[in-house]
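This is data-v6.cif. It holds mmCIF, C-alpha atoms and all ligand atoms.
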data_run
#
loop_
_atom_site.label_atom_id
_atom_site.label_comp_id
_atom_site.auth_asym_id
_atom_site.auth_seq_id
_atom_site.Cartn_x
_atom_site.Cartn_y
_atom_site.Cartn_z
CA MET A 167 68.43 -44.24 -9.30
CA ASP A 168 72.08 -43.22 -9.62
CA PRO A 169 73.10 -46.25 -11.73
CA VAL A 170 70.18 -45.50 -14.09
CA PHE A 171 71.25 -41.86 -14.33
CA GLN A 172 74.80 -42.93 -15.11
CA ARG A 173 73.54 -45.23 -17.82
CA ILE A 174 71.59 -42.34 -19.35
CA GLU A 175 74.71 -40.17 -19.24
CA SER A 176 76.64 -42.91 -21.02
CA LYS A 177 73.91 -43.12 -23.68
CA ARG A 178 74.21 -39.45 -24.55
CA ASP A 179 75.69 -40.14 -27.99
CA GLU A 180 73.03 -42.75 -28.68
CA LEU A 181 70.36 -40.25 -27.71
CA VAL A 182 71.80 -37.67 -30.11
CA ALA A 183 72.09 -40.24 -32.91
CA LEU A 184 68.53 -41.48 -32.40
CA THR A 185 67.12 -37.95 -32.42
CA ARG A 186 69.04 -37.12 -35.59
CA ASP A 187 67.78 -40.27 -37.31
CA MET A 188 64.23 -39.28 -36.40
CA VAL A 189 64.60 -35.68 -37.60
CA ARG A 190 66.02 -36.91 -40.92
CA ILE A 191 62.71 -38.63 -41.71
CA PRO A 192 60.57 -35.69 -42.77
CA THR A 193 57.16 -36.58 -41.37
CA VAL A 194 55.52 -33.38 -42.57
CA ASN A 195 51.82 -32.94 -41.90
CA PRO A 196 50.00 -32.01 -44.05
CA PRO A 197 50.12 -34.22 -46.04
CA GLY A 198 51.27 -36.70 -43.34
CA GLU A 199 54.22 -38.45 -44.97
CA GLY A 200 56.84 -40.88 -43.70
CA TYR A 201 54.82 -42.03 -40.67
CA ARG A 202 55.43 -45.73 -41.33
CA ASP A 203 59.20 -45.24 -41.73
CA LEU A 204 59.52 -43.42 -38.43
CA ALA A 205 57.17 -45.82 -36.62
CA GLU A 206 59.28 -48.75 -37.83
CA LEU A 207 62.48 -47.06 -36.72
CA ILE A 208 61.10 -46.81 -33.18
CA ALA A 209 59.77 -50.38 -33.19
CA ARG A 210 63.14 -51.72 -34.46
CA ARG A 211 64.97 -49.78 -31.78
CA LEU A 212 62.81 -51.15 -28.96
CA ALA A 213 62.49 -54.77 -30.16
CA PRO A 214 65.79 -55.99 -28.65
CA ARG A 215 64.65 -54.60 -25.26
CA GLY A 216 61.62 -56.88 -25.20
CA PHE A 217 59.02 -54.54 -26.67
CA GLU A 218 56.36 -55.99 -28.95
CA ALA A 219 55.14 -53.56 -31.59
CA VAL A 220 51.65 -53.28 -33.01
CA PHE A 221 51.09 -51.08 -36.05
CA ILE A 222 47.64 -49.54 -36.30
CA ARG A 223 46.49 -47.47 -39.22
CA GLY A 224 44.03 -44.66 -38.56
CA ALA A 225 41.99 -45.89 -41.50
CA GLY A 226 39.28 -43.52 -42.58
CA ALA A 227 40.58 -40.64 -40.44
CA PRO A 228 40.88 -37.18 -42.04
CA GLY A 229 43.83 -37.23 -44.46
CA ASP A 230 44.18 -41.03 -44.49
CA SER A 231 44.77 -42.46 -47.97
CA ASP A 232 46.83 -45.22 -49.56
CA ARG A 233 49.35 -42.57 -50.48
CA PHE A 234 49.41 -40.99 -47.01
CA PRO A 235 48.33 -43.70 -44.57
CA ARG A 236 47.96 -42.61 -40.94
CA TRP A 237 50.28 -45.17 -39.29
CA ASN A 238 50.72 -45.45 -35.55
CA VAL A 239 52.83 -47.82 -33.49
CA VAL A 240 52.34 -49.01 -29.91
CA CYS A 241 55.30 -50.83 -28.34
CA ARG A 242 54.67 -52.73 -25.10
CA ARG A 243 56.95 -54.57 -22.72
CA GLU A 244 55.51 -56.70 -19.94
CA GLY A 245 57.41 -56.58 -16.68
CA GLY A 246 58.21 -59.44 -14.33
CA GLY A 247 55.01 -59.25 -12.27
CA PRO A 248 51.71 -57.48 -11.74
CA GLY A 249 51.70 -53.70 -11.63
CA PRO A 250 50.58 -50.59 -13.45
CA CYS A 251 51.41 -49.59 -17.01
CA VAL A 252 53.35 -46.39 -17.67
CA HIS A 253 52.91 -45.13 -21.21
CA PHE A 254 54.97 -42.54 -23.11
CA ASN A 255 53.25 -41.06 -26.16
CA GLY A 256 54.87 -38.91 -28.83
CA HIS A 257 53.55 -37.68 -32.13
CA LEU A 258 55.28 -38.66 -35.36
CA ASP A 259 54.32 -35.59 -37.36
CA VAL A 260 55.94 -32.19 -37.72
CA VAL A 261 54.65 -28.99 -39.27
CA GLU A 262 56.09 -27.87 -42.58
CA PRO A 263 59.43 -26.03 -42.27
CA GLY A 264 58.20 -22.71 -43.69
CA HIS A 265 60.59 -19.84 -44.36
CA GLY A 266 63.51 -18.30 -42.51
CA TRP A 267 65.80 -21.29 -41.92
CA THR A 268 69.58 -20.83 -41.78
CA VAL A 269 70.20 -24.59 -41.47
CA GLU A 270 68.86 -27.52 -43.48
CA PRO A 271 65.42 -28.24 -41.88
CA PHE A 272 65.85 -32.03 -42.09
CA GLY A 273 69.64 -32.11 -41.81
CA ALA A 274 69.69 -32.63 -38.01
CA GLU A 275 72.83 -30.52 -37.68
CA VAL A 276 74.56 -30.60 -34.28
CA ARG A 277 76.02 -27.33 -33.14
CA ASP A 278 76.72 -25.72 -29.73
CA GLY A 279 75.18 -28.59 -27.81
CA ARG A 280 71.96 -28.46 -29.81
CA ILE A 281 70.31 -30.53 -32.53
CA TYR A 282 68.69 -28.37 -35.18
CA GLY A 283 65.84 -29.34 -37.44
CA ARG A 284 62.08 -29.38 -37.88
CA GLY A 285 60.65 -31.60 -35.18
CA SER A 286 63.80 -31.67 -33.03
CA CYS A 287 61.99 -29.70 -30.31
CA ASP A 288 58.39 -30.64 -31.20
CA MET A 289 58.75 -33.46 -30.43
CA LYS A 290 61.24 -36.02 -31.73
CA GLY A 291 63.82 -35.00 -29.11
CA GLY A 292 61.24 -35.75 -26.42
CA LEU A 293 60.29 -39.10 -27.91
CA ALA A 294 63.96 -40.09 -28.25
CA ALA A 295 64.55 -39.11 -24.60
CA ALA A 296 61.65 -41.38 -23.57
CA VAL A 297 63.15 -44.29 -25.54
CA ILE A 298 66.55 -43.85 -23.89
CA ALA A 299 64.89 -43.45 -20.47
CA VAL A 300 63.04 -46.78 -20.65
CA GLU A 301 66.08 -48.56 -22.10
CA ALA A 302 68.27 -47.42 -19.23
CA LEU A 303 65.63 -48.42 -16.71
CA ILE A 304 65.17 -51.88 -18.23
CA GLU A 305 68.91 -52.54 -18.47
CA ASP A 306 69.43 -51.56 -14.85
CA ARG A 307 66.43 -53.34 -13.30
CA ASP A 308 65.66 -56.81 -14.54
CA ALA A 309 62.64 -57.30 -12.29
CA LEU A 310 60.40 -54.33 -13.04
CA PRO A 311 56.73 -54.89 -12.23
CA GLY A 312 53.87 -53.79 -14.47
CA ALA A 313 54.40 -52.79 -18.07
CA LEU A 314 56.04 -50.06 -20.12
CA GLU A 315 54.62 -48.70 -23.34
CA ILE A 316 55.88 -46.25 -25.92
CA SER A 317 53.58 -45.14 -28.70
CA ALA A 318 54.35 -42.95 -31.68
CA THR A 319 51.23 -41.54 -33.24
CA ALA A 320 49.99 -39.68 -36.28
CA ASP A 321 48.50 -36.28 -36.88
CA GLU A 322 48.81 -34.46 -33.55
CA GLU A 323 49.45 -31.28 -35.49
CA SER A 324 46.14 -31.65 -37.32
CA GLY A 325 43.97 -32.70 -34.38
CA GLY A 326 45.13 -36.25 -33.68
CA TYR A 327 42.08 -37.96 -35.19
CA GLY A 328 44.13 -40.55 -37.11
CA GLY A 329 46.47 -40.89 -34.14
CA VAL A 330 45.72 -40.78 -30.42
CA ALA A 331 41.96 -40.33 -30.94
CA HIS A 332 41.88 -43.42 -33.16
CA LEU A 333 43.87 -45.50 -30.67
CA ALA A 334 41.88 -44.21 -27.71
CA GLY A 335 38.73 -45.37 -29.50
CA GLN A 336 40.22 -48.87 -29.54
CA GLY A 337 41.08 -48.88 -25.83
CA TYR A 338 44.80 -48.14 -26.12
CA PHE A 339 44.55 -45.24 -23.66
CA SER A 340 42.20 -46.72 -21.08
CA ALA A 341 42.31 -48.75 -17.90
CA PRO A 342 43.11 -51.56 -17.37
CA ARG A 343 45.61 -51.46 -20.21
CA VAL A 344 47.24 -48.15 -19.25
CA ASP A 345 47.42 -46.30 -15.92
CA HIS A 346 49.75 -43.32 -16.34
CA VAL A 347 50.58 -41.34 -19.49
CA ILE A 348 53.48 -38.95 -20.09
CA ILE A 349 53.51 -37.01 -23.37
CA PRO A 350 57.00 -35.56 -24.02
CA GLU A 351 55.72 -32.39 -25.72
CA PRO A 352 58.10 -29.41 -25.51
CA LEU A 353 57.01 -27.54 -22.39
CA ASN A 354 60.55 -26.98 -21.02
CA VAL A 355 62.62 -29.43 -19.00
CA ASP A 356 61.58 -28.05 -15.59
CA ARG A 357 57.82 -27.85 -16.18
CA VAL A 358 55.04 -30.37 -15.74
CA CYS A 359 52.12 -29.55 -18.01
CA LEU A 360 48.76 -30.48 -16.50
CA GLY A 361 46.64 -29.92 -19.57
CA HIS A 362 45.48 -27.27 -21.97
CA ARG A 363 42.85 -24.62 -22.63
CA GLY A 364 39.75 -25.48 -24.63
CA VAL A 365 39.35 -24.56 -28.27
CA TRP A 366 36.37 -23.68 -30.40
CA TRP A 367 36.88 -23.07 -34.09
CA ALA A 368 33.83 -21.86 -35.94
CA GLU A 369 33.07 -20.53 -39.37
CA ILE A 370 30.55 -17.74 -39.64
CA GLU A 371 29.13 -16.73 -42.96
CA THR A 372 27.17 -13.57 -43.58
CA ARG A 373 24.72 -13.62 -46.46
CA GLY A 374 23.81 -10.93 -48.95
CA ARG A 375 22.34 -10.59 -52.41
CA ILE A 376 24.23 -10.29 -55.71
CA ALA A 377 23.75 -7.16 -57.83
CA HIS A 378 25.74 -5.08 -60.32
CA GLY A 379 28.63 -3.35 -58.55
CA SER A 380 27.62 -0.02 -60.01
CA MET A 381 24.22 -0.23 -58.36
CA PRO A 382 24.94 -1.70 -54.92
CA PHE A 383 21.58 -0.42 -53.67
CA LEU A 384 19.97 -3.19 -55.75
CA GLY A 385 21.88 -5.86 -53.83
CA ASP A 386 22.94 -6.49 -50.25
CA CYS A 387 26.65 -6.57 -49.43
CA ALA A 388 27.70 -9.58 -47.32
CA VAL A 389 31.11 -8.00 -46.63
CA ARG A 390 29.51 -4.95 -45.00
CA HIS A 391 27.48 -7.26 -42.78
CA MET A 392 30.70 -9.03 -41.82
CA ALA A 393 32.40 -5.70 -41.12
CA ALA A 394 29.58 -4.84 -38.73
CA PHE A 395 30.10 -8.19 -36.98
CA LEU A 396 33.86 -7.67 -36.65
CA GLU A 397 33.27 -4.18 -35.28
CA ARG A 398 31.00 -5.62 -32.57
CA LEU A 399 33.72 -8.12 -31.66
CA GLU A 400 36.13 -5.22 -31.20
CA THR A 401 33.81 -3.08 -29.12
CA GLU A 402 31.85 -5.74 -27.20
CA LEU A 403 33.59 -9.11 -27.07
CA TYR A 404 37.33 -8.39 -26.98
CA PRO A 405 37.14 -6.07 -23.96
CA LYS A 406 35.21 -8.76 -22.06
CA LEU A 407 37.59 -11.60 -22.94
CA GLY A 408 40.69 -9.72 -21.85
CA THR A 409 39.37 -9.32 -18.31
CA ARG A 410 38.52 -13.00 -17.82
CA ARG A 411 41.45 -14.44 -15.89
CA SER A 412 41.86 -18.14 -15.26
CA ALA A 413 43.01 -20.06 -12.23
CA MET A 414 44.64 -22.42 -14.76
CA PRO A 415 48.41 -21.81 -14.64
CA VAL A 416 48.67 -21.20 -18.39
CA VAL A 417 52.07 -20.26 -19.81
CA PRO A 418 52.93 -17.80 -21.16
CA GLU A 419 51.18 -15.66 -18.57
CA ALA A 420 49.52 -13.54 -21.27
CA ALA A 421 47.51 -16.62 -22.29
CA ARG A 422 46.01 -16.96 -18.80
CA CYS A 423 42.76 -15.49 -20.09
CA SER A 424 40.21 -16.07 -22.83
CA THR A 425 41.54 -15.32 -26.29
CA LEU A 426 40.05 -14.94 -29.74
CA ASN A 427 42.01 -15.05 -32.99
CA ILE A 428 40.40 -14.13 -36.27
CA ASN A 429 41.96 -16.88 -38.31
CA SER A 430 40.81 -15.93 -41.81
CA LEU A 431 38.39 -13.78 -43.73
CA HIS A 432 37.06 -14.42 -47.22
CA GLY A 433 34.55 -12.21 -48.94
CA GLY A 434 33.31 -11.64 -52.44
CA LEU A 435 33.52 -13.68 -55.56
CA ASP A 436 37.14 -13.28 -56.64
CA ASP A 437 39.05 -15.31 -54.05
CA GLY A 438 42.38 -16.43 -55.44
CA PHE A 439 42.03 -14.52 -58.68
CA ASP A 440 44.71 -12.01 -59.80
CA GLY A 441 42.89 -10.26 -62.62
CA LEU A 442 40.35 -7.47 -62.42
CA PRO A 443 37.48 -8.09 -60.04
CA ALA A 444 33.99 -8.59 -61.40
CA ALA A 445 31.60 -5.70 -60.82
CA LEU A 446 29.44 -7.51 -58.33
CA VAL A 447 27.98 -7.01 -54.90
CA PRO A 448 29.12 -10.07 -52.89
CA ASP A 449 26.48 -12.35 -51.46
CA SER A 450 28.78 -14.23 -49.09
CA CYS A 451 31.53 -13.46 -46.59
CA ARG A 452 33.13 -16.01 -44.28
CA VAL A 453 35.27 -15.68 -41.20
CA VAL A 454 36.96 -18.39 -39.15
CA LEU A 455 37.19 -17.74 -35.42
CA ASP A 456 39.74 -19.47 -33.16
CA ARG A 457 38.52 -19.08 -29.62
CA ARG A 458 40.56 -20.49 -26.73
CA PHE A 459 38.68 -20.92 -23.49
CA LEU A 460 39.16 -21.69 -19.84
CA LEU A 461 37.99 -24.21 -17.24
CA GLU A 462 35.89 -21.36 -15.84
CA GLU A 463 33.93 -21.15 -19.10
CA THR A 464 31.74 -23.71 -20.86
CA LEU A 465 31.62 -24.34 -24.57
CA GLU A 466 27.95 -23.38 -24.46
CA GLN A 467 28.74 -19.96 -22.98
CA VAL A 468 31.58 -19.43 -25.42
CA LYS A 469 29.35 -20.13 -28.41
CA GLY A 470 26.44 -18.31 -26.81
CA GLU A 471 28.23 -15.00 -26.55
CA VAL A 472 29.18 -15.04 -30.24
CA VAL A 473 25.62 -15.98 -31.19
CA ALA A 474 24.38 -13.12 -28.99
CA VAL A 475 26.49 -10.66 -31.01
CA LEU A 476 25.08 -12.07 -34.26
CA GLU A 477 21.52 -11.99 -32.97
CA GLY A 478 22.02 -8.40 -31.80
CA LEU A 479 22.98 -7.51 -35.36
CA ARG A 480 19.91 -9.28 -36.69
CA GLN A 481 17.81 -6.92 -34.58
CA SER A 482 19.69 -3.77 -35.55
CA ARG A 483 20.69 -4.32 -39.21
CA PRO A 484 18.08 -4.80 -41.91
CA ASP A 485 18.51 -8.09 -43.80
CA PHE A 486 21.35 -9.33 -41.58
CA ARG A 487 21.52 -13.08 -42.19
CA TYR A 488 24.18 -15.53 -41.07
CA ASP A 489 25.13 -19.19 -40.72
CA ILE A 490 27.41 -20.58 -38.06
CA ARG A 491 29.25 -23.90 -38.24
CA ASP A 492 31.47 -25.63 -35.69
CA ILE A 493 34.83 -26.78 -37.05
CA ILE A 494 36.44 -28.08 -33.85
CA ALA A 495 35.29 -28.02 -30.25
CA VAL A 496 37.54 -29.32 -27.47
CA ASP A 497 36.98 -28.84 -23.75
CA PRO A 498 39.81 -27.67 -21.53
CA VAL A 499 41.56 -30.41 -19.55
CA MET A 500 43.64 -30.10 -16.41
CA THR A 501 44.96 -33.04 -14.41
CA ASP A 502 44.79 -32.66 -10.64
CA ARG A 503 47.99 -31.35 -9.08
CA GLN A 504 47.98 -34.29 -6.66
CA ALA A 505 47.54 -36.97 -9.36
CA PRO A 506 50.16 -39.75 -9.22
CA VAL A 507 51.83 -38.90 -12.54
CA VAL A 508 52.06 -35.22 -11.62
CA ARG A 509 53.65 -35.96 -8.24
CA ALA A 510 56.04 -38.56 -9.69
CA VAL A 511 57.35 -36.31 -12.47
CA ALA A 512 57.44 -33.14 -10.35
CA ASP A 513 59.39 -34.94 -7.60
CA GLN A 514 61.94 -36.21 -10.11
CA VAL A 515 62.32 -32.80 -11.76
CA GLU A 516 63.28 -31.45 -8.35
CA ARG A 517 65.64 -34.34 -7.69
CA VAL A 518 67.37 -34.25 -11.09
CA LEU A 519 67.46 -30.51 -11.71
CA GLY A 520 67.65 -29.35 -8.11
CA ARG A 521 64.75 -26.92 -8.43
CA ALA A 522 61.01 -27.20 -7.96
CA ALA A 523 58.99 -28.12 -11.04
CA GLU A 524 56.64 -25.47 -12.32
CA LEU A 525 53.13 -26.85 -12.85
CA VAL A 526 51.73 -25.27 -16.00
CA VAL A 527 48.95 -25.48 -18.56
CA SER A 528 49.52 -25.22 -22.30
CA PRO A 529 47.87 -22.37 -24.23
CA GLY A 530 47.16 -24.69 -27.18
CA THR A 531 45.77 -28.20 -27.18
CA TYR A 532 47.62 -31.43 -27.76
CA ASP A 533 46.66 -35.10 -27.67
CA GLN A 534 45.82 -35.12 -23.94
CA LYS A 535 42.27 -34.12 -24.90
CA HIS A 536 41.64 -37.51 -26.56
CA ILE A 537 43.16 -39.45 -23.67
CA ALA A 538 40.89 -37.60 -21.23
CA ARG A 539 37.68 -37.59 -23.27
CA ILE A 540 37.82 -40.85 -25.26
CA GLY A 541 40.17 -42.89 -23.08
CA ARG A 542 38.64 -41.55 -19.83
CA LEU A 543 42.14 -41.59 -18.38
CA ASP A 544 42.90 -38.63 -16.13
CA ASP A 545 46.40 -39.50 -14.99
CA CYS A 546 48.12 -37.82 -17.91
CA ILE A 547 50.55 -34.94 -18.31
CA ALA A 548 52.96 -33.49 -20.83
CA TYR A 549 56.62 -33.39 -19.87
CA GLY A 550 59.51 -33.06 -22.27
CA PRO A 551 62.87 -31.44 -22.96
CA GLY A 552 61.98 -29.04 -25.78
CA ILE A 553 61.67 -25.29 -25.31
CA LEU A 554 58.03 -24.28 -25.80
CA ASP A 555 58.76 -21.05 -27.68
CA LEU A 556 60.82 -22.85 -30.36
CA ALA A 557 58.04 -25.17 -31.52
CA HIS A 558 57.02 -24.53 -35.14
CA GLN A 559 59.70 -21.81 -35.52
CA PRO A 560 62.46 -21.69 -38.17
CA ASP A 561 65.82 -22.98 -36.82
CA GLU A 562 63.98 -25.10 -34.27
CA TYR A 563 66.40 -26.98 -32.01
CA VAL A 564 66.56 -29.12 -28.91
CA VAL A 565 69.28 -28.74 -26.26
CA ILE A 566 71.15 -32.03 -25.78
CA ASP A 567 71.69 -31.46 -22.04
CA ASP A 568 67.95 -30.94 -21.64
CA MET A 569 67.23 -34.24 -23.40
CA VAL A 570 69.62 -36.06 -21.06
CA GLU A 571 68.07 -34.45 -17.97
CA ALA A 572 64.53 -35.11 -19.19
CA ALA A 573 65.41 -38.76 -19.84
CA LYS A 574 66.57 -39.07 -16.21
CA VAL A 575 63.33 -37.51 -14.97
CA MET A 576 61.27 -39.84 -17.17
CA ALA A 577 63.17 -42.96 -16.08
CA ALA A 578 62.94 -42.13 -12.40
CA ALA A 579 59.28 -41.11 -12.61
CA ALA A 580 58.38 -44.29 -14.51
CA HIS A 581 60.20 -46.33 -11.90
CA ALA A 582 58.39 -44.61 -9.05
CA LEU A 583 55.02 -45.19 -10.72
CA LEU A 584 55.78 -48.85 -11.48
CA VAL A 585 56.95 -49.76 -8.00
CA GLY A 586 54.31 -47.60 -6.35
CA HIS A 587 56.39 -45.18 -4.37
CA ALA A 588 58.39 -42.04 -5.07
ZN ZN B 1 53.92 -31.28 -30.50
#

So that I can check it, write out the structure of this file as structure tokens.
Amino acid sequence: MDPVFQRIESKRDELVALTRDMVRIPTVNPPGEGYRDLAELIARRLAPRGFEAVFIRGAGAPGDSDRFPRWNVVCRREGGGPGPCVHFNGHLDVVEPGHGWTVEPFGAEVRDGRIYGRGSCDMKGGLAAAVIAVEALIEDRDALPGALEISATADEESGGYGGVAHLAGQGYFSAPRVDHVIIPEPLNVDRVCLGHRGVWWAEIETRGRIAHGSMPFLGDCAVRHMAAFLERLETELYPKLGTRRSAMPVVPEAARCSTLNINSLHGGLDDGFDGLPAALVPDSCRVVLDRRFLLEETLEQVKGEVVAVLEGLRQSRPDFRYDIRDIIAVDPVMTDRQAPVVRAVADQVERVLGRAAELVVSPGTYDQKHIARIGRLDDCIAYGPGILDLAHQPDEYVVIDDMVEAAKVMAAAAHALLVGHA
């Protein structure tokens, strides 16, 4: 592998330039802009190396419109003989910059060995490293078996429905087309991410009855019902969740248990209005729950314990009425520690960095869920150069040395998987 590693070293400036070009296309989601431009940049880059590009629009997916089409690209290069396919998948989109930046969010400034900008860490730096990795491998070995693929996909930040889920539905992430998938999400250069916790988002609405605010006894206040629900979460559910530890190696360590975030709360009739409130008893109050769960729990249990709290209130509070609606439900996924892609990448982390790879699980979900559930492909991990804690932060950056090292790991792991030995 040494000649390949040397090639990657010599491509350092190219890697920086490619990452900067990618960051300078602001693919902000929502609304999901610039996808086609970035997808074409990647296809153009890979074409001279023998990759054929297919552009697929996630037509009809949430957010897809003629103004903001959900474009994806899959680039494939057939090798010189039969063998498996190793696929690198990165998402095109970035979250909005938000406040607190001291550099231009889409300026791709290089300073102190880092590239700054929204998406540099999550995950354009990772995608660029994968491109350089396969280029170096192809240039060094003219007789690679199997096939290499790089895809760049839409909407990971908003659930991936117009991206990986759409492609998985068309067979792009299934055998026999693809065998091993590496997603260069920012989980740190020395970690192999096996999967992620599950997520259940639900909206709960408590119901009341409108009356004049001066005579609340004539109505029924939906906000008070909601307050009673939130109080039960504090006294009954939160203490339980905190004690439920997982065998999943979630990082950071504090996320190695069940968690519940109260995402939003809306009550009354004056949402978004700055004037004086109307003198009314509110008949509706809504809360959005963001529950992250573990392999040791099932979605049914997770929902069941919230419903049990609500049903308990129906017994104890007169006129307590509620509706509950699923927004998103995703099961946890965790690839086996002995799976080929895990072993290949972990071995190369140790070889390149000189220390053992940490096998981890992500606290939040990413596109692996669609590859596992829709594509039915289990040999999938996330591995990339970005620093996990910097994702979605102001002054996000990626360390150039980490990109170079990650590219070496990716090239060597892909080679090991293609030729069938480590
Ligand atoms: Zn990401």

Proximity check chain A to ligand ZN 1 (chain B), 6 Å, nearest pairs one decimal Å, only C-alpha atoms and all ligand atoms, as a Markdown table:
| residue | atom | partner | partner_atom | distance |
| --- | --- | --- | --- | --- |
| A:Asp288 | CA | B:ZN1 | ZN | 4.6 |
| A:Met289 | CA | B:ZN1 | ZN | 5.3 |
| A:Glu351 | CA | B:ZN1 | ZN | 5.2 |

Export, as an mmCIF file, keeping the file's coordinate frame, the selected residues with C-alpha atoms.
data_model
loop_
_atom_site.group_PDB
_atom_site.id
_atom_site.type_symbol
_atom_site.label_atom_id
_atom_site.label_comp_id
_atom_site.auth_asym_id
_atom_site.auth_seq_id
_atom_site.Cartn_x
_atom_site.Cartn_y
_atom_site.Cartn_z
ATOM 1 C CA ASP A 288 58.390 -30.640 -31.200
ATOM 2 C CA MET A 289 58.750 -33.460 -30.430
ATOM 3 C CA GLU A 351 55.720 -32.390 -25.720
#

Handout entry: Within 6 Å of Asp259 (chain A) using only C-alpha atoms, minus same-chain residues under 4 positions, as a list of chain:residue names
Key =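 Result of the neighbour search: A:Thr193, A:Val194, A:Asn195, A:Asp321.
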
Same residues, C-alpha atoms, output as a PDB file, in the coordinates of the input:
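Below is the file that was written, selection_36.pdb:
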ATOM      1  CA  THR A 193      57.160 -36.580 -41.370  1.00  0.00           C
ATOM      2  CA  VAL A 194      55.520 -33.380 -42.570  1.00  0.00           C
ATOM      3  CA  ASN A 195      51.820 -32.940 -41.900  1.00  0.00           C
ATOM      4  CA  ASP A 321      48.500 -36.280 -36.880  1.00  0.00           C
TER       5      ASP A 321
END

Exercise for the section: For CA of Ala421 (chain A) and CA of Leu554 (chain A), determine how far apart the two atoms are, in Å to one decimal place. Expected result: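 Between CA of Ala421 (chain A) and CA of Leu554 (chain A) the gap is 13.5 Å.
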
Exercise for the section: Might you pull out every residue within 12 Å of Leu184 (chain A), with all atoms listed in the file counted and same-chain residues fewer than 4 positions away left off, and present them as a list in words? Expected result: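 In the requested form, the answer reads Lys177, Arg178, Asp179, Glu180, Met188, Val189, Arg190, Ile191, Leu204, Leu207, Ile208, Arg210, Arg211, Leu212, Ala274, Ile281, Ser286, Lys290, Gly291, Gly292, Leu293, Ala294, Ala295, Ala296, Val297, Ile298, Ile566 and Met569 of chain A.
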
Practice task
May I ask which of the residues A:Pro250, A:Pro235, A:Val389, A:Gly279 is the closest one to Ser340 (chain A), counting all atoms listed in the file?
Solution key: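 Selected residue with least distance to Ser340 (chain A): A:Pro250.
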
What are the centre and the three edge lengths of an axis-aligned box that wraps all atoms of region 515-522 of chain A in the file, given that 5 Å is added to every side, written as AutoDock Vina command-line options and rounded to one decimal in Å?
--center_x 64.3 --center_y -30.6 --center_z -9.7 --size_x 16.6 --size_y 17.4 --size_z 14.1

Practice task
Using only C-alpha atoms, find the one residue out of A:Gln514, A:Ser176, A:Thr425, A:Asn354 that sits nearest to Ala580 (chain A).
Solution key: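 Between A:Gln514, A:Ser176, A:Thr425, A:Asn354, the residue approaching Ala580 (chain A) most closely is A:Gln514.
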
Problem - Near-Ala299 (chain A) list (7 Å; only C-alpha atoms; drop same-chain fewer than 5 positions) as a ChimeraX atom specification - result: /A:174,573-574,576-577

Exercise for the section: Excluding region 358-365 of chain A and any residue of its chain fewer than 3 positions from it, enumerate the residues within 8 Å of it, using only C-alpha atoms, and give them as an NGL selection string. Expected result: :A and (353 or 416 or 456-461 or 494-503 or 508 or 511-512 or 523-532 or 534 or 546-549)

Exercise for the section: One decimal, Å: what's the distance from CA of Gln172 (chain A) over to CA of Val564 (chain A), could you say? Expected result: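 Going from CA of Gln172 (chain A) over to CA of Val564 (chain A) covers 21.2 Å.
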
Exercise for the section: Just the residues within 12 Å of Tyr404 (chain A), please, counting only C-alpha atoms, with nothing from its chain fewer than 2 positions along; format it as a list in words. Expected result: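 Returned residues: Leu396, Glu397, Arg398, Leu399, Glu400, Thr401, Glu402, Lys406, Leu407, Gly408, Thr409, Arg410, Cys423, Ser424, Thr425, Leu426, Asn427, Ile428, Arg457, Glu471, Val472 and Val475 of chain A.
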
Exercise for the section: Find, counting all atoms listed in the file, the residue in A:Gly335, A:Gly245, A:Gly273, A:Gly374 that gets nearest to Ala309 (chain A). Expected result: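 Distance minimum relative to Ala309 (chain A) lands on A:Gly245.
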